[in-house]
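The block underneath contains the structure these notes are about, expressed in structure tokens.
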Amino acid sequence: MKSDINEVTALQARIAGGEQAAFESLYRLFFARLLNFAMMYLHKKELAEETVNDVMLKIWNRKAELPQIKNIETYLFIAVRNHSLNHLAQFSHYHVVYEPENGHMDMINFSDPARLLEWKEIYHRLSVAVEQLTDQCRTVFKLIKEEGFRYKEAAEILSISPRTVETQLFRAIKKLDKIIEMYLSGCKEF
């Protein structure tokens, strides 16, 4: 059951203007469907509710960006999917990561405190670097790499061409690679 696009677009504009009642209407409009969708991934009602609430909270906190999103319904479902998958990955002790010293993907156990500390430091430096990117570059990077959207989906959300998304992502990765490379070359044990 797809929502009326005009109704949703009007809600987006009102939410972007800070109208809490419009946000509550959007929340009620999508909550049950998003909850059922999250349950397909998480299999626990409390966890699924938390996931949907987290996504909706992000919408409210980023309400000024709502006019840039062409299809909020698609955005919400993709965000719930990605948040669910991120939760599942986060609570697994083993993660696949790129090991720069040997150029291969390896499985590491994040329950190892020393290894976890190393990755937290890299993540922190990467987060700081992401915030220093230009606005469009940062937004594209976050949509693709943090939120898990595909190029076409990010282009649709931002109302830009997929080619622009690709270019902006390339620029972001190139800048971030330099920063991480400088950090890694400064580490003796890495």
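The way I read the labels, and the way they are meant: chains A, B, ... in the order of the structure tokens, residue 1 as the first residue of every chain, and ligand 1 as the first ligand shown, with later ones counted on from there.
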Selection near A:Ala155, 12 Å with only C-alpha atoms, sequence-local residues under 4 positions removed, as a list in words: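 With the cut-off at 12 Å, the set is Gln68, Ile69, Lys70, Asn71, Tyr75, Gln136, Thr139, Val140, Phe141, Leu143, Ile144, Phe149, Arg150, Tyr151, Ser159, Ile160, Ser161, Pro162, Arg163, Thr164, Val165, Glu166, Thr167, Gln168 and Leu169 of chain A.
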Please list as a list in words every residue within 12 Å of A:Gly18, counting only C-alpha atoms and excluding residues in the same chain fewer than 6 positions away.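 My reading of the contact set: Leu11, Gln12, Glu24, Ile59, Trp60, Asn61, Arg62, Lys63, Ala64, Glu65 and Leu66 of chain A.
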Find the residues near A:His83: any atom within 10 Å, counting only C-alpha atoms, skip ones fewer than 6 places away on the same chain, and give them as a compact mmCIF listing (two decimals) with N, CA and C atoms, in the first residue's frame.
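Output (result_6.txt):
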# COMPACT_ATOMS: atom_id res chain seq x y z
N ALA A 38 11.40 -4.06 9.27
CA ALA A 38 12.56 -4.27 10.15
C ALA A 38 12.52 -5.65 10.79
N TYR A 41 14.35 -8.53 9.15
CA TYR A 41 15.80 -8.60 9.35
C TYR A 41 16.17 -8.96 10.79
N ALA A 48 13.30 -4.08 16.43
CA ALA A 48 12.73 -3.49 15.21
C ALA A 48 12.13 -2.12 15.52
N THR A 51 14.89 0.36 15.93
CA THR A 51 15.46 0.68 14.62
C THR A 51 14.61 1.70 13.89
N VAL A 52 13.31 1.48 13.84
CA VAL A 52 12.41 2.42 13.16
C VAL A 52 12.46 3.77 13.87
N ASP A 54 14.92 5.03 15.59
CA ASP A 54 16.21 5.66 15.29
C ASP A 54 16.19 6.33 13.92
N VAL A 55 15.63 5.64 12.93
CA VAL A 55 15.55 6.19 11.57
C VAL A 55 14.66 7.43 11.57
N PHE A 77 12.44 3.20 3.79
CA PHE A 77 12.60 1.74 3.74
C PHE A 77 14.07 1.35 3.58
N ALA A 89 25.49 -6.45 11.88
CA ALA A 89 26.95 -6.49 11.72
C ALA A 89 27.67 -6.00 12.97
N GLU A 146 27.84 5.06 4.41
CA GLU A 146 27.34 4.89 5.76
C GLU A 146 25.91 4.37 5.79
N GLU A 147 25.08 4.89 4.88
CA GLU A 147 23.68 4.48 4.86
C GLU A 147 23.44 3.29 3.94
N GLY A 148 24.39 3.00 3.04
CA GLY A 148 24.29 1.83 2.18
C GLY A 148 23.43 1.98 0.95
Measuring between only C-alpha atoms, which one of A:Ile173, A:Leu35, A:Leu126, A:Met56 shows the shortest distance to A:Ile72?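 Selected residue with least distance to A:Ile72: A:Met56.
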Give me, as number ranges by chain, the residues of stretch 2-181 of chain A that a backbone DSSP run labels alpha helix (DSSP H). A: 5-16, 20-42, 45-61, 72-90, 113-131, 135-141, 151-158, 162-181
